[in-house]
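The file model35.txt comes next; it holds compact mmCIF, C-alpha atoms.
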# COMPACT_ATOMS: atom_id res chain seq x y z
CA MET Z 1 45.22 213.13 79.81
CA LYS Z 2 46.68 210.41 81.92
CA VAL Z 3 50.14 209.19 80.94
CA ARG Z 4 50.34 205.41 80.76
CA PRO Z 5 53.17 203.71 82.56
CA ASN Z 6 55.66 201.51 80.74
CA ASN Z 7 55.30 198.92 83.46
CA TYR Z 8 53.55 198.52 86.78
CA ILE Z 9 52.78 196.14 89.63
CA ALA Z 10 49.80 196.29 91.96
CA VAL Z 11 49.38 194.38 95.20
CA GLU Z 12 46.83 194.44 97.95
CA PHE Z 13 47.41 193.32 101.52
CA MET Z 14 45.99 193.41 105.02
CA SER Z 15 47.14 196.12 107.41
CA ARG Z 16 49.28 193.79 109.48
CA SER Z 17 52.73 195.02 110.47
CA ALA Z 18 54.24 191.75 109.23
CA ASN Z 19 53.48 193.03 105.70
CA GLU Z 20 55.75 196.10 106.00
CA GLY Z 21 58.79 194.07 105.01
CA PHE Z 22 56.92 192.45 102.15
CA ALA Z 23 55.78 195.80 100.75
CA ARG Z 24 59.20 197.46 100.67
CA THR Z 25 60.89 194.34 99.32
CA ALA Z 26 58.29 193.97 96.54
CA VAL Z 27 58.83 197.56 95.39
CA ALA Z 28 62.61 197.22 95.62
CA ALA Z 29 62.51 194.08 93.48
CA PHE Z 30 60.31 195.85 90.91
CA ALA Z 31 62.53 198.97 90.94
CA ALA Z 32 65.61 196.85 90.15
CA GLN Z 33 64.76 197.10 86.41
CA LEU Z 34 65.71 200.80 86.59
CA ASP Z 35 69.21 199.82 87.67
CA PRO Z 36 69.27 201.95 90.82
CA THR Z 37 72.31 202.40 93.07
CA LEU Z 38 72.25 200.83 96.53
CA ASP Z 39 71.56 204.27 98.02
CA GLU Z 40 68.63 204.85 95.66
CA LEU Z 41 67.23 201.43 96.44
CA GLY Z 42 67.62 202.08 100.17
CA ASP Z 43 65.77 205.39 99.86
CA ILE Z 44 62.91 203.73 97.97
CA ARG Z 45 62.61 200.88 100.50
CA THR Z 46 62.59 203.40 103.34
CA ALA Z 47 59.95 205.65 101.76
CA VAL Z 48 57.66 202.66 101.04
CA SER Z 49 58.13 201.41 104.59
CA GLU Z 50 57.10 204.81 105.98
CA ALA Z 51 53.99 205.10 103.80
CA VAL Z 52 52.83 201.56 104.52
CA THR Z 53 53.53 201.90 108.26
CA ASN Z 54 51.48 205.11 108.35
CA ALA Z 55 48.55 203.26 106.81
CA ILE Z 56 48.89 200.37 109.26
CA VAL Z 57 49.28 202.56 112.36
CA HIS Z 58 47.07 205.55 111.57
CA ALA Z 59 44.48 204.52 108.96
CA TYR Z 60 43.35 201.42 110.82
CA PRO Z 61 44.29 202.04 114.48
CA ASP Z 62 41.81 199.60 116.02
CA SER Z 63 41.00 197.32 113.13
CA LEU Z 64 42.46 195.53 110.14
CA GLY Z 65 41.83 196.94 106.69
CA LYS Z 66 42.95 196.89 103.11
CA ILE Z 67 46.07 198.60 101.79
CA SER Z 68 46.90 198.77 98.11
CA LEU Z 69 50.33 199.39 96.72
CA ARG Z 70 51.09 200.25 93.13
CA ALA Z 71 54.52 200.88 91.65
CA SER Z 72 54.87 202.16 88.07
CA VAL Z 73 57.68 203.03 85.74
CA PHE Z 74 57.27 206.04 83.45
CA ASP Z 75 59.40 207.50 80.65
CA GLY Z 76 62.59 209.10 81.89
CA ASN Z 77 63.32 206.38 84.44
CA VAL Z 78 60.68 207.70 86.83
CA LEU Z 79 59.37 205.36 89.51
CA GLU Z 80 55.97 206.24 90.97
CA ILE Z 81 54.67 204.58 94.13
CA VAL Z 82 51.07 204.88 95.27
CA VAL Z 83 49.99 203.63 98.71
CA ARG Z 84 46.25 203.76 99.32
CA ASP Z 85 44.07 202.89 102.27
CA TRP Z 86 40.37 203.09 103.03
CA GLY Z 87 40.84 203.97 106.69
CA ARG Z 88 39.88 206.89 108.87
CA GLY Z 89 41.76 209.59 106.96
CA ILE Z 90 43.97 212.46 108.12
CA GLU Z 91 42.24 215.48 109.60
CA ASN Z 92 44.96 217.99 108.77
CA VAL Z 93 47.45 216.82 106.13
CA GLU Z 94 49.58 219.95 106.41
CA LYS Z 95 50.02 219.42 110.16
CA ALA Z 96 50.65 215.67 109.72
CA ARG Z 97 53.51 216.47 107.33
CA GLU Z 98 55.32 218.67 109.86
CA PRO Z 99 58.52 217.10 111.27
CA LEU Z 100 58.09 215.51 114.71
CA TYR Z 101 54.29 215.76 114.58
CA THR Z 102 52.68 212.46 115.51
CA THR Z 103 49.50 211.12 117.04
CA GLY Z 104 51.25 207.78 117.53
CA GLY Z 105 52.75 208.43 120.98
CA GLU Z 106 56.23 207.43 122.10
CA ASP Z 107 56.48 204.55 119.64
CA ARG Z 108 56.52 206.87 116.64
CA SER Z 109 59.06 209.56 115.81
CA GLY Z 110 56.84 211.81 113.72
CA MET Z 111 59.47 211.73 110.97
CA GLY Z 112 57.67 209.50 108.44
CA PHE Z 113 56.51 212.18 106.00
CA THR Z 114 59.77 214.11 106.44
CA ILE Z 115 61.71 211.03 105.37
CA MET Z 116 59.38 210.32 102.42
CA GLU Z 117 59.82 213.95 101.36
CA SER Z 118 63.59 213.98 101.61
CA PHE Z 119 64.12 210.54 100.04
CA MET Z 120 61.76 211.00 97.08
CA ASP Z 121 61.59 213.76 94.44
CA SER Z 122 57.93 214.46 95.12
CA LEU Z 123 55.29 213.52 97.67
CA CYS Z 124 51.56 214.10 97.37
CA VAL Z 125 49.13 213.25 100.18
CA ARG Z 126 45.39 213.30 99.58
CA SER Z 127 43.07 212.34 102.40
CA ARG Z 128 39.39 212.47 103.29
CA LEU Z 129 38.13 211.85 106.80
CA GLY Z 130 36.40 208.51 107.04
CA LYS Z 131 37.27 207.67 103.42
CA GLY Z 132 40.99 207.05 103.39
CA THR Z 133 44.34 208.34 102.24
CA VAL Z 134 46.36 208.19 99.03
CA VAL Z 135 50.10 208.82 99.17
CA THR Z 136 51.85 209.28 95.81
CA MET Z 137 55.64 209.48 95.63
CA LYS Z 138 57.97 209.82 92.67
CA ARG Z 139 61.65 209.30 92.27
CA ARG Z 140 63.70 209.58 89.10
CA ILE Z 141 66.48 207.03 88.92
CA ALA Z 142 69.56 208.56 87.33
CA GLN Z 143 70.82 206.84 84.21
CA ARG Z 144 74.51 206.33 84.61
CA ALA Z 145 77.24 206.27 82.00
CA GLY Z 146 78.36 202.78 81.07
CA ARG Z 147 74.95 201.32 81.82
CA LYS Z 148 72.12 200.49 79.48
CA MET T 1 65.16 191.58 115.08
CA GLU T 2 67.79 190.04 117.30
CA VAL T 3 68.92 192.00 120.36
CA ARG T 4 72.07 190.98 122.19
CA THR T 5 73.48 192.69 125.22
CA SER T 6 76.81 192.67 126.97
CA ALA T 7 77.66 194.76 130.01
CA ASN T 8 81.01 195.61 131.47
CA ASP T 9 82.16 198.25 133.89
CA ARG T 10 78.85 200.16 133.75
CA ALA T 11 78.88 200.32 129.97
CA LEU T 12 76.12 198.41 128.23
CA THR T 13 76.51 197.37 124.61
CA VAL T 14 73.35 196.41 122.75
CA THR T 15 73.89 194.77 119.40
CA LEU T 16 70.98 194.88 116.94
CA ARG T 17 70.66 192.47 114.07
CA GLY T 18 67.99 192.36 111.35
CA GLU T 19 65.40 194.84 110.08
CA LEU T 20 64.36 197.60 112.46
CA ASP T 21 60.91 198.70 111.32
CA HIS T 22 57.59 199.31 113.07
CA HIS T 23 56.95 195.56 113.14
CA ALA T 24 60.19 194.93 115.05
CA ALA T 25 60.29 198.14 117.11
CA ARG T 26 58.18 197.07 120.06
CA GLU T 27 60.14 193.90 120.88
CA THR T 28 63.36 195.86 120.39
CA VAL T 29 62.28 198.55 122.86
CA THR T 30 61.14 195.93 125.38
CA ALA T 31 64.47 194.07 125.19
CA LEU T 32 66.42 197.33 125.36
CA GLU T 33 64.54 198.64 128.40
CA ARG T 34 64.87 195.32 130.21
CA ALA T 35 68.64 195.41 129.65
CA LEU T 36 68.82 199.04 130.80
CA ASP T 37 66.84 198.29 133.96
CA ALA T 38 69.13 195.38 134.79
CA ALA T 39 72.43 197.14 134.09
CA LEU T 40 71.66 200.80 134.94
CA PRO T 41 74.71 201.73 132.85
CA ARG T 42 76.60 205.02 132.74
CA LYS T 43 76.99 204.53 129.04
CA LEU T 44 74.86 202.78 126.44
CA ILE T 45 76.38 201.78 123.12
CA LEU T 46 73.92 200.81 120.40
CA ASP T 47 75.69 198.72 117.78
CA PHE T 48 73.88 199.00 114.43
CA GLY T 49 76.40 196.89 112.50
CA GLY T 50 73.91 194.08 111.85
CA VAL T 51 70.94 196.28 110.96
CA THR T 52 70.04 195.49 107.35
CA PHE T 53 67.19 197.99 107.16
CA MET T 54 65.88 200.81 109.34
CA ASP T 55 63.06 203.33 108.95
CA SER T 56 61.77 206.09 111.25
CA SER T 57 60.68 203.45 113.77
CA GLY T 58 64.39 203.16 114.57
CA ILE T 59 64.55 206.88 115.31
CA ALA T 60 61.82 206.44 117.94
CA VAL T 61 63.79 203.54 119.47
CA VAL T 62 66.98 205.63 119.63
CA MET T 63 65.20 208.69 121.02
CA ARG T 64 63.68 206.53 123.71
CA ALA T 65 67.08 205.12 124.64
CA PHE T 66 68.47 208.66 124.62
CA ARG T 67 65.78 209.88 127.04
CA ARG T 68 66.34 206.90 129.34
CA MET T 69 70.10 207.46 129.42
CA THR T 70 69.61 211.19 130.05
CA ALA T 71 67.33 210.32 133.00
CA LEU T 72 70.02 207.97 134.31
CA GLY T 73 72.60 210.73 134.00
CA GLY T 74 74.49 208.66 131.43
CA SER T 75 75.29 208.88 127.74
CA LEU T 76 74.33 207.16 124.52
CA GLU T 77 76.55 206.36 121.57
CA LEU T 78 75.70 204.74 118.24
CA CYS T 79 78.29 202.69 116.44
CA ASN T 80 78.75 200.79 113.16
CA VAL T 81 75.79 202.58 111.57
CA PRO T 82 75.35 201.23 108.01
CA PRO T 83 74.76 203.72 105.15
CA GLN T 84 71.00 203.09 104.80
CA ALA T 85 70.28 203.63 108.51
CA GLY T 86 72.70 206.56 108.46
CA ARG T 87 70.62 208.31 105.79
CA VAL T 88 67.51 207.92 107.96
CA PHE T 89 69.31 209.31 111.01
CA ASP T 90 70.66 212.17 108.88
CA ALA T 91 67.19 213.05 107.62
CA ALA T 92 66.03 213.25 111.23
CA GLY T 93 69.03 215.32 112.31
CA ILE T 94 69.92 212.75 114.96
CA PHE T 95 73.67 212.92 114.59
CA SER T 96 73.69 216.48 115.88
CA ARG T 97 72.42 215.21 119.24
CA ILE T 98 73.96 211.76 119.62
CA PRO T 99 77.59 210.92 118.96
CA THR T 100 78.52 208.12 116.58
CA GLY T 101 81.68 206.28 115.87
CA ARG T 102 81.21 207.39 112.26
CA THR T 103 84.00 209.30 110.60

Give the structure from this file in structure tokens form.
Amino acid sequence: MKVRPNNYIAVEFMSRSANEGFARTAVAAFAAQLDPTLDELGDIRTAVSEAVTNAIVHAYPDSLGKISLRASVFDGNVLEIVVRDWGRGIENVEKAREPLYTTGGEDRSGMGFTIMESFMDSLCVRSRLGKGTVVTMKRRIAQRAGRK
Amino acid sequence: MEVRTSANDRALTVTLRGELDHHAARETVTALERALDAALPRKLILDFGGVTFMDSSGIAVVMRAFRRMTALGGSLELCNVPPQAGRVFDAAGIFSRIPTGRT
């Protein structure tokens, strides 16, 4: 049975690099209700930026396409972020997740998935060639003493 | 992304200001390489003090600068790295290869 979120936002945008800043800022603004620390907020912004950049660079290398972004809050102060595209898909997800692996040439570091993995509590990547990719990340925001 | 350069005595300081993501990376690299070609410095200092956000695109920019400086027989140093960018560099293990002014 699917657990319903306590709150969510969903946005859809074109795979233009100008939207990278919008995407991470939108999620950060939504995540503010969980009262994160600056470090936590920075980690979330970074992870979203990596996932969205991957979709822009790799899912639609020679075209513009649709990217959807959904952020949800679940019981226990858990933030879930889902970035989905309908692009060309990843041939070998396991290989793509290896540090320093990239098909993006000198402009890319190959560290995107490594950073998503180390900044979030969990990372799930599902992809089908020619169909698209869904990246799901979760991060629990610690509830601190003296805060609601 | 705003890129400012100042050169003195074969040391080139490049000051970055703004958000260093994939969207900003290409213009940053172009400006950086132009400054390197003009100055051919012995030492490059990348000042991150004004960087308000950085993701792995910044790692690619730094690695590129590192390779260029190695080819020139010079060195690269990062300074004033803010905490958010520092966490990204840490995750990539960059500080083990490139010195920073960080204590």

Under the rule of at most 12 Å, produce a per-residue listing of stretch 62-125 of chain Z near stretch 53-57 of chain Z: chain, number, name, the closest pair of atoms, and the distance in Å, as a Markdown table, using only C-alpha atoms.
| residue | atom | partner | partner_atom | distance |
| --- | --- | --- | --- | --- |
| Z:Asp62 | CA | Z:Val57 | CA | 8.8 |
| Z:Ser63 | CA | Z:Ile56 | CA | 9.3 |
| Z:Leu64 | CA | Z:Ile56 | CA | 8.1 |
| Z:Gly65 | CA | Z:Ile56 | CA | 8.3 |
| Z:Lys66 | CA | Z:Ile56 | CA | 9.2 |
| Z:Ile67 | CA | Z:Ala55 | CA | 7.3 |
| Z:Ser68 | CA | Z:Ala55 | CA | 9.9 |
| Z:Leu69 | CA | Z:Ala55 | CA | 11.0 |
| Z:Val82 | CA | Z:Ala55 | CA | 11.9 |
| Z:Val83 | CA | Z:Ala55 | CA | 8.2 |
| Z:Arg84 | CA | Z:Ala55 | CA | 7.9 |
| Z:Asp85 | CA | Z:Ala55 | CA | 6.4 |
| Z:Trp86 | CA | Z:Ala55 | CA | 9.0 |
| Z:Gly87 | CA | Z:Ala55 | CA | 7.7 |
| Z:Arg88 | CA | Z:Ala55 | CA | 9.6 |
| Z:Gly89 | CA | Z:Ala55 | CA | 9.3 |
| Z:Ile90 | CA | Z:Ala55 | CA | 10.4 |
| Z:Ala96 | CA | Z:Asn54 | CA | 10.7 |
| Z:Arg97 | CA | Z:Asn54 | CA | 11.6 |
| Z:Thr102 | CA | Z:Asn54 | CA | 10.3 |
| Z:Thr103 | CA | Z:Val57 | CA | 9.8 |
| Z:Gly104 | CA | Z:Val57 | CA | 7.6 |
| Z:Gly105 | CA | Z:Val57 | CA | 11.0 |
| Z:Asp107 | CA | Z:Val57 | CA | 10.4 |
| Z:Arg108 | CA | Z:Val57 | CA | 9.5 |
| Z:Ser109 | CA | Z:Asn54 | CA | 11.5 |
| Z:Gly110 | CA | Z:Asn54 | CA | 10.1 |
| Z:Met111 | CA | Z:Asn54 | CA | 10.7 |
| Z:Gly112 | CA | Z:Asn54 | CA | 7.6 |
| Z:Phe113 | CA | Z:Asn54 | CA | 9.0 |
| Z:Met116 | CA | Z:Asn54 | CA | 11.2 |
| Z:Val125 | CA | Z:Asn54 | CA | 11.8 |

Kindly assemble as a Markdown table a list of the chain Z residues that lie within 9 Å of chain T, each paired with its nearest atom pair and their distance in Å to one decimal, using only C-alpha atoms, sorted first by chain and then by ascending residue number.
| residue | atom | partner | partner_atom | distance |
| --- | --- | --- | --- | --- |
| Z:Arg16 | CA | T:His23 | CA | 8.7 |
| Z:Ser17 | CA | T:His23 | CA | 5.0 |
| Z:Ala18 | CA | T:His23 | CA | 6.1 |
| Z:Asn19 | CA | T:His23 | CA | 8.6 |
| Z:Glu20 | CA | T:His23 | CA | 7.3 |
| Z:Gly21 | CA | T:Asp21 | CA | 8.1 |
| Z:Leu38 | CA | T:Gln84 | CA | 8.7 |
| Z:Asp39 | CA | T:Gln84 | CA | 6.9 |
| Z:Gly42 | CA | T:Gln84 | CA | 5.8 |
| Z:Asp43 | CA | T:Gln84 | CA | 7.6 |
| Z:Arg45 | CA | T:Phe53 | CA | 8.6 |
| Z:Thr46 | CA | T:Asp55 | CA | 5.6 |
| Z:Ala47 | CA | T:Asp55 | CA | 8.2 |
| Z:Ser49 | CA | T:Asp55 | CA | 6.9 |
| Z:Glu50 | CA | T:Asp55 | CA | 6.8 |
| Z:Thr53 | CA | T:His22 | CA | 6.8 |
| Z:Val57 | CA | T:His22 | CA | 9.0 |
| Z:Pro99 | CA | T:Ala92 | CA | 8.4 |
| Z:Leu100 | CA | T:Ala92 | CA | 9.0 |
| Z:Glu106 | CA | T:Ala60 | CA | 7.0 |
| Z:Asp107 | CA | T:Ala60 | CA | 5.9 |
| Z:Arg108 | CA | T:Ala60 | CA | 5.5 |
| Z:Ser109 | CA | T:Ala60 | CA | 4.7 |
| Z:Gly110 | CA | T:Ser56 | CA | 7.9 |
| Z:Met111 | CA | T:Ser56 | CA | 6.1 |
| Z:Gly112 | CA | T:Ser56 | CA | 6.0 |
| Z:Thr114 | CA | T:Ala91 | CA | 7.6 |
| Z:Ile115 | CA | T:Ala91 | CA | 6.3 |
| Z:Ser118 | CA | T:Ala91 | CA | 7.1 |
| Z:Phe119 | CA | T:Ala91 | CA | 8.6 |

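Applying the 10 Å criterion to (70.2, 196.5, 113.3) in file coordinates and using only C-alpha atoms, one obtains the residues Met1, Glu2, Val3, Val14, Thr15, Leu16, Arg17, Gly18, Glu19, Leu20, Asp21, Thr28, Leu46, Asp47, Phe48, Gly49, Gly50, Val51, Thr52, Phe53, Met54, Gly58, Asn80, Val81, Pro82 and Ala85 of chain T.
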
TODO: Give me the residues within 12 Å of T:Ala7 as a ChimeraX atom specification, counting only C-alpha atoms and dropping any in the same chain fewer than 2 places off.
DONE: /T:4-5,9-15,35-36,38-46

Would you mind exporting C-alpha atoms of the selected residues as a tab-separated table (two decimals), in the coordinates of the input?
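This is the output file again-v3.tsv:
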chain	number	residue	atom	x	y	z
T	4	ARG	CA	72.07	190.98	122.19
T	5	THR	CA	73.48	192.69	125.22
T	9	ASP	CA	82.16	198.25	133.89
T	10	ARG	CA	78.85	200.16	133.75
T	11	ALA	CA	78.88	200.32	129.97
T	12	LEU	CA	76.12	198.41	128.23
T	13	THR	CA	76.51	197.37	124.61
T	14	VAL	CA	73.35	196.41	122.75
T	15	THR	CA	73.89	194.77	119.40
T	35	ALA	CA	68.64	195.41	129.65
T	36	LEU	CA	68.82	199.04	130.80
T	38	ALA	CA	69.13	195.38	134.79
T	39	ALA	CA	72.43	197.14	134.09
T	40	LEU	CA	71.66	200.80	134.94
T	41	PRO	CA	74.71	201.73	132.85
T	42	ARG	CA	76.60	205.02	132.74
T	43	LYS	CA	76.99	204.53	129.04
T	44	LEU	CA	74.86	202.78	126.44
T	45	ILE	CA	76.38	201.78	123.12
T	46	LEU	CA	73.92	200.81	120.40

Open item on the list: For Z:Met137, find every residue with an atom within 8 Å (counting all atoms listed in the file), except residues of its own chain fewer than 5 positions away, and show them as a ChimeraX atom specification.
Closed with: /Z:80-82,116,120-124

Can you write just those residues out, C-alpha atoms, as a PDB file, in the frame of the given file?
ATOM      1  CA  GLU Z  80      55.970 206.240  90.970  1.00  0.00           C
ATOM      2  CA  ILE Z  81      54.670 204.580  94.130  1.00  0.00           C
ATOM      3  CA  VAL Z  82      51.070 204.880  95.270  1.00  0.00           C
ATOM      4  CA  MET Z 116      59.380 210.320 102.420  1.00  0.00           C
ATOM      5  CA  MET Z 120      61.760 211.000  97.080  1.00  0.00           C
ATOM      6  CA  ASP Z 121      61.590 213.760  94.440  1.00  0.00           C
ATOM      7  CA  SER Z 122      57.930 214.460  95.120  1.00  0.00           C
ATOM      8  CA  LEU Z 123      55.290 213.520  97.670  1.00  0.00           C
ATOM      9  CA  CYS Z 124      51.560 214.100  97.370  1.00  0.00           C
TER      10      CYS Z 124
END

Open item on the list: If I take atom CA of T:Leu78 and atom CA of T:Ser6, how far is one from the other in Å, to one decimal?
Closed with: 14.9 Å

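The space separating atom CA of Z:Thr133 from atom CA of Z:Gln33 comes to 28.2 Å.
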
Task: Between atom CA of Z:His58 and atom CA of T:Arg97 - distance in Å to one decimal - done: 28.2 Å

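Take the candidates Z:Asn92, Z:Ala26, Z:Asp75, Z:Ala31 and check each one against Z:Glu12 using only C-alpha atoms; the shortest distance goes to Z:Ala26.
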
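Proximity of Z:Val135, Z:Leu129, Z:Ala59, Z:Val73 to Z:Glu91, computed with all atoms listed in the file, is greatest for Z:Leu129.
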
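Comparing Z:Gly130, Z:Ile44, Z:Val52, Z:Met1 by their smallest distance to Z:Met14, the closest is Z:Val52 (using only C-alpha atoms).
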
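Checking T:Ser96, T:Gly86, T:Thr30, T:Cys79 one by one against T:Ala65, counting only C-alpha atoms, you find the shortest gap at T:Thr30.
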
Test item: axis-aligned box, all listed atoms of stretch 63-75 of chain T, 8 Å on each side, centre and edges in Å rounded to one decimal, as lines of an AutoDock Vina configuration file:
center_x = 69.5
center_y = 208.2
center_z = 127.7
size_x = 27.6
size_y = 22.1
size_z = 29.3

Open item on the list: Given the point (63.9, 210.5, 90.1) in the file's coordinates, find the residues that have an atom at most 6 Å from it, counting all atoms listed in the file, and give them as JSON, numbers by chain.
Closed with: {"Z": [78, 121, 139, 140, 141]}

Generate the missing atoms of stretch 77-92 of chain T up to N, CA and C atoms and report them as a PDB file, keeping the file's coordinate frame.
ATOM      1  N   GLU T  77      75.715 206.271 122.775  1.00  0.00           N
ATOM      2  CA  GLU T  77      76.550 206.360 121.570  1.00  0.00           C
ATOM      3  C   GLU T  77      76.060 205.320 120.574  1.00  0.00           C
ATOM      4  N   LEU T  78      76.035 205.696 119.300  1.00  0.00           N
ATOM      5  CA  LEU T  78      75.700 204.740 118.240  1.00  0.00           C
ATOM      6  C   LEU T  78      76.991 204.328 117.555  1.00  0.00           C
ATOM      7  N   CYS T  79      77.088 203.057 117.199  1.00  0.00           N
ATOM      8  CA  CYS T  79      78.290 202.690 116.440  1.00  0.00           C
ATOM      9  C   CYS T  79      77.965 201.734 115.298  1.00  0.00           C
ATOM     10  N   ASN T  80      78.876 201.650 114.351  1.00  0.00           N
ATOM     11  CA  ASN T  80      78.750 200.790 113.160  1.00  0.00           C
ATOM     12  C   ASN T  80      77.456 201.013 112.397  1.00  0.00           C
ATOM     13  N   VAL T  81      77.047 202.275 112.259  1.00  0.00           N
ATOM     14  CA  VAL T  81      75.790 202.580 111.570  1.00  0.00           C
ATOM     15  C   VAL T  81      75.968 202.367 110.068  1.00  0.00           C
ATOM     16  N   PRO T  82      75.207 201.445 109.458  1.00  0.00           N
ATOM     17  CA  PRO T  82      75.350 201.230 108.010  1.00  0.00           C
ATOM     18  C   PRO T  82      74.783 202.419 107.224  1.00  0.00           C
ATOM     19  N   PRO T  83      75.165 202.545 105.948  1.00  0.00           N
ATOM     20  CA  PRO T  83      74.760 203.720 105.150  1.00  0.00           C
ATOM     21  C   PRO T  83      73.242 203.956 105.113  1.00  0.00           C
ATOM     22  N   GLN T  84      72.458 202.891 104.921  1.00  0.00           N
ATOM     23  CA  GLN T  84      71.000 203.090 104.800  1.00  0.00           C
ATOM     24  C   GLN T  84      70.411 203.687 106.093  1.00  0.00           C
ATOM     25  N   ALA T  85      70.766 203.106 107.228  1.00  0.00           N
ATOM     26  CA  ALA T  85      70.280 203.630 108.510  1.00  0.00           C
ATOM     27  C   ALA T  85      70.834 205.037 108.741  1.00  0.00           C
ATOM     28  N   GLY T  86      72.069 205.255 108.304  1.00  0.00           N
ATOM     29  CA  GLY T  86      72.700 206.560 108.460  1.00  0.00           C
ATOM     30  C   GLY T  86      71.930 207.654 107.739  1.00  0.00           C
ATOM     31  N   ARG T  87      71.399 207.322 106.550  1.00  0.00           N
ATOM     32  CA  ARG T  87      70.620 208.310 105.790  1.00  0.00           C
ATOM     33  C   ARG T  87      69.331 208.659 106.517  1.00  0.00           C
ATOM     34  N   VAL T  88      68.737 207.663 107.191  1.00  0.00           N
ATOM     35  CA  VAL T  88      67.510 207.920 107.960  1.00  0.00           C
ATOM     36  C   VAL T  88      67.823 208.799 109.170  1.00  0.00           C
ATOM     37  N   PHE T  89      68.915 208.477 109.875  1.00  0.00           N
ATOM     38  CA  PHE T  89      69.310 209.310 111.010  1.00  0.00           C
ATOM     39  C   PHE T  89      69.622 210.736 110.548  1.00  0.00           C
ATOM     40  N   ASP T  90      70.319 210.851 109.419  1.00  0.00           N
ATOM     41  CA  ASP T  90      70.660 212.170 108.880  1.00  0.00           C
ATOM     42  C   ASP T  90      69.408 212.990 108.605  1.00  0.00           C
ATOM     43  N   ALA T  91      68.419 212.339 107.978  1.00  0.00           N
ATOM     44  CA  ALA T  91      67.190 213.050 107.620  1.00  0.00           C
ATOM     45  C   ALA T  91      66.484 213.560 108.875  1.00  0.00           C
ATOM     46  N   ALA T  92      66.675 212.848 109.987  1.00  0.00           N
ATOM     47  CA  ALA T  92      66.030 213.250 111.230  1.00  0.00           C
ATOM     48  C   ALA T  92      66.921 214.180 112.064  1.00  0.00           C
TER      49      ALA T  92
END
